[in-house]
$ cat target20.cif   # mmCIF, N, CA and C atoms
data_run
#
loop_
_atom_site.label_atom_id
_atom_site.label_comp_id
_atom_site.auth_asym_id
_atom_site.auth_seq_id
_atom_site.Cartn_x
_atom_site.Cartn_y
_atom_site.Cartn_z
N MET A 1 28.60 -1.52 -43.86
CA MET A 1 29.34 -0.32 -44.18
C MET A 1 28.37 0.84 -44.41
N LEU A 2 28.73 2.00 -43.91
CA LEU A 2 27.88 3.18 -44.05
C LEU A 2 27.90 3.70 -45.47
N LYS A 3 26.78 4.19 -45.90
CA LYS A 3 26.71 4.78 -47.23
C LYS A 3 27.35 6.15 -47.22
N ASN A 4 27.71 6.61 -48.37
CA ASN A 4 28.40 7.89 -48.53
C ASN A 4 27.54 9.06 -48.04
N ASN A 5 26.24 9.02 -48.29
CA ASN A 5 25.34 10.12 -47.86
C ASN A 5 25.24 10.16 -46.34
N THR A 6 25.23 9.00 -45.71
CA THR A 6 25.15 8.95 -44.25
C THR A 6 26.40 9.56 -43.63
N ILE A 7 27.55 9.26 -44.20
CA ILE A 7 28.81 9.84 -43.70
C ILE A 7 28.80 11.35 -43.86
N LYS A 8 28.30 11.83 -44.99
CA LYS A 8 28.23 13.28 -45.21
C LYS A 8 27.28 13.93 -44.22
N ASN A 9 26.14 13.30 -43.94
CA ASN A 9 25.18 13.86 -42.99
C ASN A 9 25.76 13.91 -41.57
N ILE A 10 26.44 12.85 -41.17
CA ILE A 10 27.07 12.83 -39.85
C ILE A 10 28.15 13.88 -39.77
N SER A 11 28.94 14.02 -40.80
CA SER A 11 30.00 15.03 -40.83
C SER A 11 29.41 16.43 -40.74
N ALA A 12 28.33 16.68 -41.47
CA ALA A 12 27.69 18.00 -41.45
C ALA A 12 27.16 18.32 -40.05
N ILE A 13 26.55 17.33 -39.40
CA ILE A 13 26.02 17.54 -38.05
C ILE A 13 27.16 17.82 -37.08
N LEU A 14 28.25 17.09 -37.17
CA LEU A 14 29.40 17.32 -36.29
C LEU A 14 30.00 18.70 -36.50
N VAL A 15 30.07 19.15 -37.74
CA VAL A 15 30.60 20.48 -38.03
C VAL A 15 29.69 21.55 -37.42
N MET A 16 28.37 21.37 -37.52
CA MET A 16 27.43 22.35 -36.95
C MET A 16 27.52 22.38 -35.42
N VAL A 17 27.62 21.22 -34.82
CA VAL A 17 27.73 21.16 -33.35
C VAL A 17 29.03 21.82 -32.91
N ALA A 18 30.14 21.57 -33.61
CA ALA A 18 31.42 22.18 -33.26
C ALA A 18 31.36 23.69 -33.43
N ALA A 19 30.71 24.17 -34.49
CA ALA A 19 30.60 25.61 -34.72
C ALA A 19 29.81 26.29 -33.61
N VAL A 20 28.73 25.66 -33.18
CA VAL A 20 27.92 26.25 -32.11
C VAL A 20 28.69 26.21 -30.80
N ALA A 21 29.38 25.11 -30.52
CA ALA A 21 30.11 24.97 -29.26
C ALA A 21 31.30 25.92 -29.18
N LEU A 22 32.04 26.05 -30.27
CA LEU A 22 33.23 26.88 -30.26
C LEU A 22 32.92 28.36 -30.46
N GLY A 23 31.84 28.65 -31.10
CA GLY A 23 31.48 30.05 -31.35
C GLY A 23 30.48 30.53 -30.33
N GLY A 24 30.62 30.14 -29.08
CA GLY A 24 29.67 30.47 -28.01
C GLY A 24 29.57 31.97 -27.78
N CYS A 25 28.63 32.31 -26.99
CA CYS A 25 28.32 33.71 -26.73
C CYS A 25 29.20 34.24 -25.59
N ASP A 26 29.73 35.44 -25.77
CA ASP A 26 30.53 36.08 -24.72
C ASP A 26 29.65 36.68 -23.63
N LYS A 27 28.40 36.97 -23.95
CA LYS A 27 27.49 37.61 -23.01
C LYS A 27 26.46 36.60 -22.48
N PHE A 28 26.92 35.41 -22.19
CA PHE A 28 26.02 34.34 -21.78
C PHE A 28 25.23 34.70 -20.53
N GLU A 29 25.90 35.22 -19.49
CA GLU A 29 25.22 35.57 -18.24
C GLU A 29 24.22 36.71 -18.45
N GLU A 30 24.59 37.67 -19.27
CA GLU A 30 23.71 38.81 -19.51
C GLU A 30 22.45 38.39 -20.25
N ILE A 31 22.60 37.52 -21.21
CA ILE A 31 21.45 37.06 -21.99
C ILE A 31 20.53 36.19 -21.13
N ASN A 32 21.09 35.39 -20.25
CA ASN A 32 20.31 34.46 -19.45
C ASN A 32 19.88 35.01 -18.10
N THR A 33 19.89 36.31 -17.92
CA THR A 33 19.42 36.94 -16.69
C THR A 33 18.08 37.59 -16.97
N ASP A 34 17.08 37.21 -16.20
CA ASP A 34 15.74 37.75 -16.37
C ASP A 34 15.66 39.12 -15.70
N PRO A 35 15.47 40.19 -16.48
CA PRO A 35 15.44 41.53 -15.87
C PRO A 35 14.21 41.77 -15.00
N ALA A 36 13.16 40.98 -15.17
CA ALA A 36 11.95 41.16 -14.39
C ALA A 36 11.98 40.39 -13.07
N ARG A 37 12.96 39.54 -12.89
CA ARG A 37 13.03 38.70 -11.68
C ARG A 37 14.02 39.31 -10.69
N SER A 38 13.63 39.32 -9.43
CA SER A 38 14.50 39.84 -8.38
C SER A 38 15.64 38.86 -8.13
N SER A 39 16.80 39.37 -7.83
CA SER A 39 17.93 38.49 -7.54
C SER A 39 17.92 38.02 -6.09
N ASN A 40 17.19 38.73 -5.24
CA ASN A 40 17.07 38.36 -3.83
C ASN A 40 15.60 38.23 -3.45
N THR A 41 15.33 37.33 -2.52
CA THR A 41 13.99 37.20 -1.97
C THR A 41 13.97 37.95 -0.64
N LEU A 42 12.95 38.73 -0.42
CA LEU A 42 12.85 39.50 0.82
C LEU A 42 12.67 38.57 2.01
N PRO A 43 13.27 38.91 3.15
CA PRO A 43 13.19 38.06 4.34
C PRO A 43 11.77 37.78 4.81
N GLU A 44 10.85 38.72 4.62
CA GLU A 44 9.46 38.51 5.04
C GLU A 44 8.86 37.30 4.34
N TYR A 45 9.15 37.16 3.05
CA TYR A 45 8.61 36.04 2.29
C TYR A 45 9.31 34.73 2.66
N LEU A 46 10.60 34.81 2.92
CA LEU A 46 11.33 33.62 3.33
C LEU A 46 10.83 33.11 4.68
N LEU A 47 10.59 34.02 5.61
CA LEU A 47 10.11 33.62 6.93
C LEU A 47 8.71 33.03 6.84
N GLY A 48 7.84 33.66 6.08
CA GLY A 48 6.49 33.14 5.92
C GLY A 48 6.49 31.75 5.29
N ASN A 49 7.32 31.57 4.28
CA ASN A 49 7.42 30.27 3.63
C ASN A 49 7.97 29.21 4.58
N ALA A 50 8.97 29.58 5.36
CA ALA A 50 9.56 28.63 6.32
C ALA A 50 8.53 28.24 7.38
N GLN A 51 7.77 29.20 7.88
CA GLN A 51 6.76 28.90 8.89
C GLN A 51 5.66 27.99 8.35
N LYS A 52 5.19 28.29 7.16
CA LYS A 52 4.12 27.49 6.55
C LYS A 52 4.59 26.08 6.24
N ALA A 53 5.75 25.95 5.62
CA ALA A 53 6.25 24.63 5.25
C ALA A 53 6.54 23.78 6.48
N ALA A 54 7.14 24.38 7.50
CA ALA A 54 7.47 23.63 8.71
C ALA A 54 6.21 23.19 9.45
N SER A 55 5.25 24.08 9.60
CA SER A 55 4.03 23.71 10.33
C SER A 55 3.22 22.68 9.55
N ASP A 56 3.19 22.78 8.24
CA ASP A 56 2.49 21.76 7.44
C ASP A 56 3.10 20.39 7.65
N LEU A 57 4.41 20.31 7.73
CA LEU A 57 5.07 19.02 7.88
C LEU A 57 5.01 18.51 9.32
N VAL A 58 5.29 19.36 10.28
CA VAL A 58 5.35 18.93 11.68
C VAL A 58 3.95 18.53 12.18
N TYR A 59 2.93 19.24 11.76
CA TYR A 59 1.59 18.95 12.23
C TYR A 59 0.76 18.16 11.22
N ALA A 60 1.42 17.47 10.33
CA ALA A 60 0.71 16.67 9.33
C ALA A 60 0.02 15.48 9.98
N ASN A 61 -1.07 15.08 9.40
CA ASN A 61 -1.84 13.95 9.90
C ASN A 61 -1.01 12.68 9.95
N TYR A 62 -0.16 12.46 8.97
CA TYR A 62 0.63 11.23 8.92
C TYR A 62 1.54 11.10 10.13
N TYR A 63 2.24 12.16 10.47
CA TYR A 63 3.20 12.07 11.56
C TYR A 63 2.54 12.15 12.93
N ASN A 64 1.41 12.78 13.04
CA ASN A 64 0.78 12.96 14.34
C ASN A 64 -0.32 11.95 14.65
N ALA A 65 -0.82 11.26 13.68
CA ALA A 65 -1.89 10.32 13.95
C ALA A 65 -1.55 8.91 13.48
N ARG A 66 -1.23 8.80 12.24
CA ARG A 66 -1.06 7.48 11.65
C ARG A 66 0.09 6.68 12.28
N ILE A 67 1.24 7.30 12.41
CA ILE A 67 2.37 6.59 13.00
C ILE A 67 2.07 6.25 14.46
N GLY A 68 1.42 7.18 15.18
CA GLY A 68 1.06 6.91 16.57
C GLY A 68 0.12 5.73 16.70
N MET A 69 -0.85 5.62 15.80
CA MET A 69 -1.77 4.48 15.85
C MET A 69 -1.03 3.18 15.58
N GLU A 70 -0.13 3.17 14.63
CA GLU A 70 0.61 1.95 14.32
C GLU A 70 1.53 1.55 15.47
N LEU A 71 2.17 2.54 16.09
CA LEU A 71 3.04 2.22 17.22
C LEU A 71 2.24 1.72 18.42
N ALA A 72 1.06 2.29 18.65
CA ALA A 72 0.21 1.81 19.74
C ALA A 72 -0.19 0.36 19.49
N GLN A 73 -0.50 0.05 18.25
CA GLN A 73 -0.84 -1.32 17.89
C GLN A 73 0.35 -2.25 18.12
N TYR A 74 1.51 -1.79 17.76
CA TYR A 74 2.72 -2.60 17.93
C TYR A 74 3.02 -2.83 19.41
N TRP A 75 2.92 -1.76 20.20
CA TRP A 75 3.25 -1.85 21.62
C TRP A 75 2.24 -2.70 22.39
N THR A 76 0.99 -2.72 21.95
CA THR A 76 -0.01 -3.54 22.65
C THR A 76 0.06 -5.00 22.23
N GLY A 77 0.82 -5.30 21.22
CA GLY A 77 1.03 -6.68 20.81
C GLY A 77 -0.10 -7.29 20.02
N THR A 78 -0.90 -6.49 19.37
CA THR A 78 -1.98 -7.06 18.56
C THR A 78 -1.40 -7.79 17.36
N ASP A 79 -2.20 -8.61 16.76
CA ASP A 79 -1.72 -9.42 15.66
C ASP A 79 -2.07 -8.86 14.29
N LYS A 80 -2.55 -7.63 14.22
CA LYS A 80 -2.90 -7.02 12.94
C LYS A 80 -1.67 -6.36 12.34
N THR A 81 -0.98 -7.10 11.52
CA THR A 81 0.27 -6.59 10.97
C THR A 81 0.17 -6.26 9.49
N SER A 82 -1.03 -6.32 8.95
CA SER A 82 -1.14 -6.06 7.51
C SER A 82 -1.16 -4.58 7.17
N GLU A 83 -1.34 -3.71 8.14
CA GLU A 83 -1.44 -2.27 7.86
C GLU A 83 -0.16 -1.73 7.25
N ALA A 84 0.93 -1.79 7.94
CA ALA A 84 2.17 -1.21 7.40
C ALA A 84 3.39 -2.03 7.74
N ARG A 85 3.23 -3.04 8.52
CA ARG A 85 4.34 -3.89 8.94
C ARG A 85 5.40 -3.07 9.68
N TYR A 86 4.99 -1.93 10.22
CA TYR A 86 5.85 -1.11 11.08
C TYR A 86 7.12 -0.65 10.37
N LEU A 87 7.00 -0.37 9.11
CA LEU A 87 8.14 0.17 8.36
C LEU A 87 7.91 1.67 8.22
N PHE A 88 8.56 2.43 9.05
CA PHE A 88 8.37 3.88 9.05
C PHE A 88 9.50 4.56 8.33
N SER A 89 9.18 5.69 7.75
CA SER A 89 10.20 6.49 7.09
C SER A 89 10.11 7.91 7.62
N ASN A 90 11.18 8.39 8.20
CA ASN A 90 11.22 9.76 8.69
C ASN A 90 12.04 10.65 7.77
N ASP A 91 12.26 10.20 6.55
CA ASP A 91 13.03 11.00 5.61
C ASP A 91 12.34 12.31 5.27
N ALA A 92 11.04 12.34 5.35
CA ALA A 92 10.32 13.57 5.03
C ALA A 92 10.67 14.68 6.00
N PHE A 93 10.93 14.33 7.26
CA PHE A 93 11.35 15.35 8.20
C PHE A 93 12.69 15.95 7.78
N TRP A 94 13.61 15.10 7.41
CA TRP A 94 14.92 15.61 7.01
C TRP A 94 14.81 16.45 5.75
N ASP A 95 14.22 15.88 4.72
CA ASP A 95 14.10 16.60 3.44
C ASP A 95 13.22 17.84 3.59
N GLY A 96 12.14 17.69 4.34
CA GLY A 96 11.19 18.79 4.45
C GLY A 96 11.61 19.90 5.38
N LEU A 97 12.36 19.58 6.44
CA LEU A 97 12.74 20.63 7.39
C LEU A 97 14.15 21.14 7.17
N TYR A 98 15.10 20.23 7.04
CA TYR A 98 16.50 20.66 6.94
C TYR A 98 16.76 21.36 5.60
N ALA A 99 16.27 20.76 4.53
CA ALA A 99 16.54 21.33 3.21
C ALA A 99 15.49 22.36 2.80
N GLY A 100 14.41 22.48 3.56
CA GLY A 100 13.35 23.43 3.22
C GLY A 100 13.36 24.66 4.10
N PRO A 101 12.59 24.66 5.20
CA PRO A 101 12.50 25.84 6.06
C PRO A 101 13.83 26.29 6.65
N LEU A 102 14.69 25.36 7.03
CA LEU A 102 15.99 25.79 7.58
C LEU A 102 16.84 26.48 6.52
N ALA A 103 16.71 26.07 5.28
CA ALA A 103 17.43 26.75 4.20
C ALA A 103 16.88 28.17 4.01
N ASP A 104 15.55 28.33 4.14
CA ASP A 104 14.96 29.67 4.05
C ASP A 104 15.44 30.56 5.19
N LEU A 105 15.51 30.00 6.38
CA LEU A 105 15.98 30.79 7.53
C LEU A 105 17.45 31.18 7.38
N ARG A 106 18.23 30.31 6.79
CA ARG A 106 19.64 30.62 6.51
C ARG A 106 19.74 31.74 5.46
N GLU A 107 18.82 31.73 4.51
CA GLU A 107 18.82 32.78 3.48
C GLU A 107 18.45 34.15 4.06
N ILE A 108 17.63 34.16 5.11
CA ILE A 108 17.32 35.43 5.78
C ILE A 108 18.60 36.05 6.32
N GLN A 109 19.41 35.25 6.99
CA GLN A 109 20.69 35.75 7.51
C GLN A 109 21.60 36.19 6.38
N ASN A 110 21.63 35.42 5.30
CA ASN A 110 22.46 35.79 4.14
C ASN A 110 22.00 37.11 3.54
N TYR A 111 20.69 37.34 3.47
CA TYR A 111 20.16 38.58 2.92
C TYR A 111 20.64 39.77 3.74
N TYR A 112 20.54 39.66 5.05
CA TYR A 112 20.97 40.77 5.91
C TYR A 112 22.48 40.93 5.92
N ASP A 113 23.22 39.86 5.71
CA ASP A 113 24.67 39.99 5.58
C ASP A 113 25.04 40.76 4.32
N ASP A 114 24.28 40.53 3.24
CA ASP A 114 24.53 41.23 1.97
C ASP A 114 23.99 42.65 1.98
N ASN A 115 22.98 42.93 2.79
CA ASN A 115 22.35 44.26 2.87
C ASN A 115 22.32 44.73 4.32
N PRO A 116 23.47 45.12 4.87
CA PRO A 116 23.53 45.47 6.30
C PRO A 116 22.68 46.68 6.67
N GLY A 117 22.38 47.56 5.73
CA GLY A 117 21.56 48.74 6.03
C GLY A 117 20.11 48.40 6.28
N GLU A 118 19.67 47.23 5.86
CA GLU A 118 18.27 46.83 6.00
C GLU A 118 18.04 45.85 7.14
N THR A 119 19.03 45.63 7.97
CA THR A 119 18.95 44.61 9.02
C THR A 119 17.79 44.87 9.97
N SER A 120 17.02 43.82 10.24
CA SER A 120 15.90 43.87 11.18
C SER A 120 16.20 42.89 12.31
N GLU A 121 16.46 43.43 13.49
CA GLU A 121 16.77 42.58 14.64
C GLU A 121 15.58 41.68 15.00
N HIS A 122 14.38 42.21 14.80
CA HIS A 122 13.18 41.42 15.12
C HIS A 122 13.05 40.22 14.17
N MET A 123 13.28 40.44 12.90
CA MET A 123 13.21 39.35 11.93
C MET A 123 14.27 38.30 12.23
N LEU A 124 15.47 38.75 12.56
CA LEU A 124 16.54 37.80 12.89
C LEU A 124 16.22 37.02 14.17
N ALA A 125 15.60 37.68 15.13
CA ALA A 125 15.24 37.00 16.38
C ALA A 125 14.18 35.93 16.13
N VAL A 126 13.16 36.26 15.35
CA VAL A 126 12.12 35.28 15.03
C VAL A 126 12.72 34.11 14.26
N ALA A 127 13.61 34.41 13.32
CA ALA A 127 14.25 33.35 12.53
C ALA A 127 15.10 32.45 13.43
N GLU A 128 15.79 33.02 14.42
CA GLU A 128 16.61 32.22 15.33
C GLU A 128 15.76 31.32 16.22
N VAL A 129 14.64 31.85 16.71
CA VAL A 129 13.75 31.04 17.54
C VAL A 129 13.19 29.88 16.73
N MET A 130 12.77 30.17 15.52
CA MET A 130 12.22 29.11 14.67
C MET A 130 13.29 28.09 14.30
N LYS A 131 14.49 28.58 14.06
CA LYS A 131 15.61 27.69 13.75
C LYS A 131 15.88 26.75 14.93
N ALA A 132 15.86 27.28 16.15
CA ALA A 132 16.08 26.45 17.34
C ALA A 132 14.97 25.41 17.48
N TRP A 133 13.73 25.79 17.20
CA TRP A 133 12.61 24.85 17.27
C TRP A 133 12.76 23.73 16.26
N LEU A 134 13.13 24.08 15.04
CA LEU A 134 13.29 23.05 14.00
C LEU A 134 14.46 22.12 14.30
N PHE A 135 15.56 22.67 14.81
CA PHE A 135 16.68 21.81 15.19
C PHE A 135 16.30 20.92 16.39
N HIS A 136 15.47 21.42 17.28
CA HIS A 136 14.98 20.61 18.40
C HIS A 136 14.23 19.39 17.86
N ILE A 137 13.34 19.61 16.92
CA ILE A 137 12.56 18.51 16.33
C ILE A 137 13.49 17.54 15.61
N LEU A 138 14.41 18.07 14.81
CA LEU A 138 15.30 17.20 14.04
C LEU A 138 16.24 16.39 14.94
N THR A 139 16.72 16.97 16.02
CA THR A 139 17.60 16.20 16.91
C THR A 139 16.81 15.17 17.71
N ASP A 140 15.53 15.44 17.98
CA ASP A 140 14.70 14.43 18.62
C ASP A 140 14.51 13.22 17.70
N VAL A 141 14.38 13.48 16.41
CA VAL A 141 14.14 12.39 15.44
C VAL A 141 15.44 11.67 15.09
N TYR A 142 16.51 12.42 14.80
CA TYR A 142 17.72 11.82 14.23
C TYR A 142 18.91 11.77 15.18
N GLY A 143 18.85 12.41 16.32
CA GLY A 143 20.04 12.49 17.19
C GLY A 143 20.90 13.66 16.75
N ASP A 144 22.20 13.53 16.90
CA ASP A 144 23.12 14.62 16.52
C ASP A 144 23.07 14.86 15.02
N ILE A 145 22.89 16.12 14.65
CA ILE A 145 22.85 16.52 13.24
C ILE A 145 23.72 17.74 13.06
N PRO A 146 24.16 18.04 11.84
CA PRO A 146 24.98 19.24 11.62
C PRO A 146 24.19 20.52 11.81
N TYR A 147 24.75 21.44 12.60
CA TYR A 147 24.12 22.73 12.83
C TYR A 147 24.66 23.70 11.82
#
$ encode --input "target20.cif" --output "structure tokens"
Amino acid sequence: MLKNNTIKNISAILVMVAAVALGGCDKFEEINTDPARSSNTLPEYLLGNAQKAASDLVYANYYNARIGMELAQYWTGTDKTSEARYLFSNDAFWDGLYAGPLADLREIQNYYDDNPGETSEHMLAVAEVMKAWLFHILTDVYGDIPY
């Protein structure tokens, strides 16, 4: 059985939690908005980030050398199976390209949709070409994917 002081302490804590929860702030969004932070990222930075992240992943040593060496070993029928046992994971392409650079390229279009006076046809064209290249790579790896 709980002691009387323990019950009082639990009751006091519950009352304080209820008071904080029910007496919440009406200006929650205003208080939690950083005035020094931009609400939008400029398309130039999004494009640069997408290009860097995509090229780092697509031209990474693991995908361009290591997997090729293991597949060559497998195809030639050698008996050295202790390296990786041919268990490959291409999830990094999906996570790294679809959720990374392609999301940045989508944000470029969203930025110009929200700010039509600042639209740059050249930026949109570069973003579309890069988007087509990334979807080309992803469809080569995974087959049909959502566009």
$ residues_around --input "target20.cif" --residues "Leu134 in chain A" --least-positions-apart "5" --cutoff "12 Å" --atoms "only C-alpha atoms" --output "CSV table (one decimal) with N, CA and C atoms, keeping the file's coordinate frame"
chain,number,residue,atom,x,y,z
A,50,ALA,N,9.0,29.6,5.4
A,50,ALA,CA,9.6,28.6,6.3
A,50,ALA,C,8.5,28.2,7.4
A,51,GLN,N,7.8,29.2,7.9
A,51,GLN,CA,6.8,28.9,8.9
A,51,GLN,C,5.7,28.0,8.4
A,53,ALA,N,5.8,26.0,5.6
A,53,ALA,CA,6.2,24.6,5.2
A,53,ALA,C,6.5,23.8,6.5
A,54,ALA,N,7.1,24.4,7.5
A,54,ALA,CA,7.5,23.6,8.7
A,54,ALA,C,6.2,23.2,9.4
A,55,SER,N,5.2,24.1,9.6
A,55,SER,CA,4.0,23.7,10.3
A,55,SER,C,3.2,22.7,9.6
A,57,LEU,N,4.4,20.3,7.7
A,57,LEU,CA,5.1,19.0,7.9
A,57,LEU,C,5.0,18.5,9.3
A,58,VAL,N,5.3,19.4,10.3
A,58,VAL,CA,5.4,18.9,11.7
A,58,VAL,C,4.0,18.5,12.2
A,93,PHE,N,10.9,14.3,7.3
A,93,PHE,CA,11.4,15.4,8.2
A,93,PHE,C,12.7,16.0,7.8
A,94,TRP,N,13.6,15.1,7.4
A,94,TRP,CA,14.9,15.6,7.0
A,94,TRP,C,14.8,16.4,5.8
A,96,GLY,N,12.1,17.7,4.3
A,96,GLY,CA,11.2,18.8,4.4
A,96,GLY,C,11.6,19.9,5.4
A,97,LEU,N,12.4,19.6,6.4
A,97,LEU,CA,12.7,20.6,7.4
A,97,LEU,C,14.2,21.1,7.2
A,98,TYR,N,15.1,20.2,7.0
A,98,TYR,CA,16.5,20.7,6.9
A,98,TYR,C,16.8,21.4,5.6
A,99,ALA,N,16.3,20.8,4.5
A,99,ALA,CA,16.5,21.3,3.2
A,99,ALA,C,15.5,22.4,2.8
A,100,GLY,N,14.4,22.5,3.6
A,100,GLY,CA,13.4,23.4,3.2
A,100,GLY,C,13.4,24.7,4.1
A,101,PRO,N,12.6,24.7,5.2
A,101,PRO,CA,12.5,25.8,6.1
A,101,PRO,C,13.8,26.3,6.6
A,102,LEU,N,14.7,25.4,7.0
A,102,LEU,CA,16.0,25.8,7.6
A,102,LEU,C,16.8,26.5,6.5
A,103,ALA,N,16.7,26.1,5.3
A,103,ALA,CA,17.4,26.8,4.2
A,103,ALA,C,16.9,28.2,4.0
A,105,LEU,N,15.5,30.0,6.4
A,105,LEU,CA,16.0,30.8,7.5
A,105,LEU,C,17.4,31.2,7.4
A,127,ALA,N,13.6,34.4,13.3
A,127,ALA,CA,14.2,33.4,12.5
A,127,ALA,C,15.1,32.4,13.4
A,128,GLU,N,15.8,33.0,14.4
A,128,GLU,CA,16.6,32.2,15.3
A,128,GLU,C,15.8,31.3,16.2
A,129,VAL,N,14.6,31.8,16.7
A,129,VAL,CA,13.8,31.0,17.5
A,129,VAL,C,13.2,29.9,16.7
A,139,THR,N,16.7,17.0,16.0
A,139,THR,CA,17.6,16.2,16.9
A,139,THR,C,16.8,15.2,17.7
A,140,ASP,N,15.5,15.4,18.0
A,140,ASP,CA,14.7,14.4,18.6
A,140,ASP,C,14.5,13.2,17.7
A,141,VAL,N,14.4,13.5,16.4
A,141,VAL,CA,14.1,12.4,15.4
A,141,VAL,C,15.4,11.7,15.1
A,145,ILE,N,22.9,16.1,14.6
A,145,ILE,CA,22.8,16.5,13.2
A,145,ILE,C,23.7,17.7,13.1
A,147,TYR,N,24.8,21.4,12.6
A,147,TYR,CA,24.1,22.7,12.8
A,147,TYR,C,24.7,23.7,11.8
$ atom_distance --input "target20.cif" --atom1 "atom C of Ile137 in chain A" --atom2 "atom C of Asp113 in chain A"
28.3 Å
$ residues_around --input "target20.cif" --residues "Asn40 in chain A" --least-positions-apart "4" --cutoff "10 Å" --atoms "only C-alpha atoms" --output "count of residues only"
4
$ atom_distance --input "target20.cif" --atom1 "CA of Tyr45 in chain A" --atom2 "CA of Ile108 in chain A"
9.4 Å
$ atom_distance --input "target20.cif" --atom1 "CA of Leu124 in chain A" --atom2 "CA of Gln109 in chain A"
7.1 Å
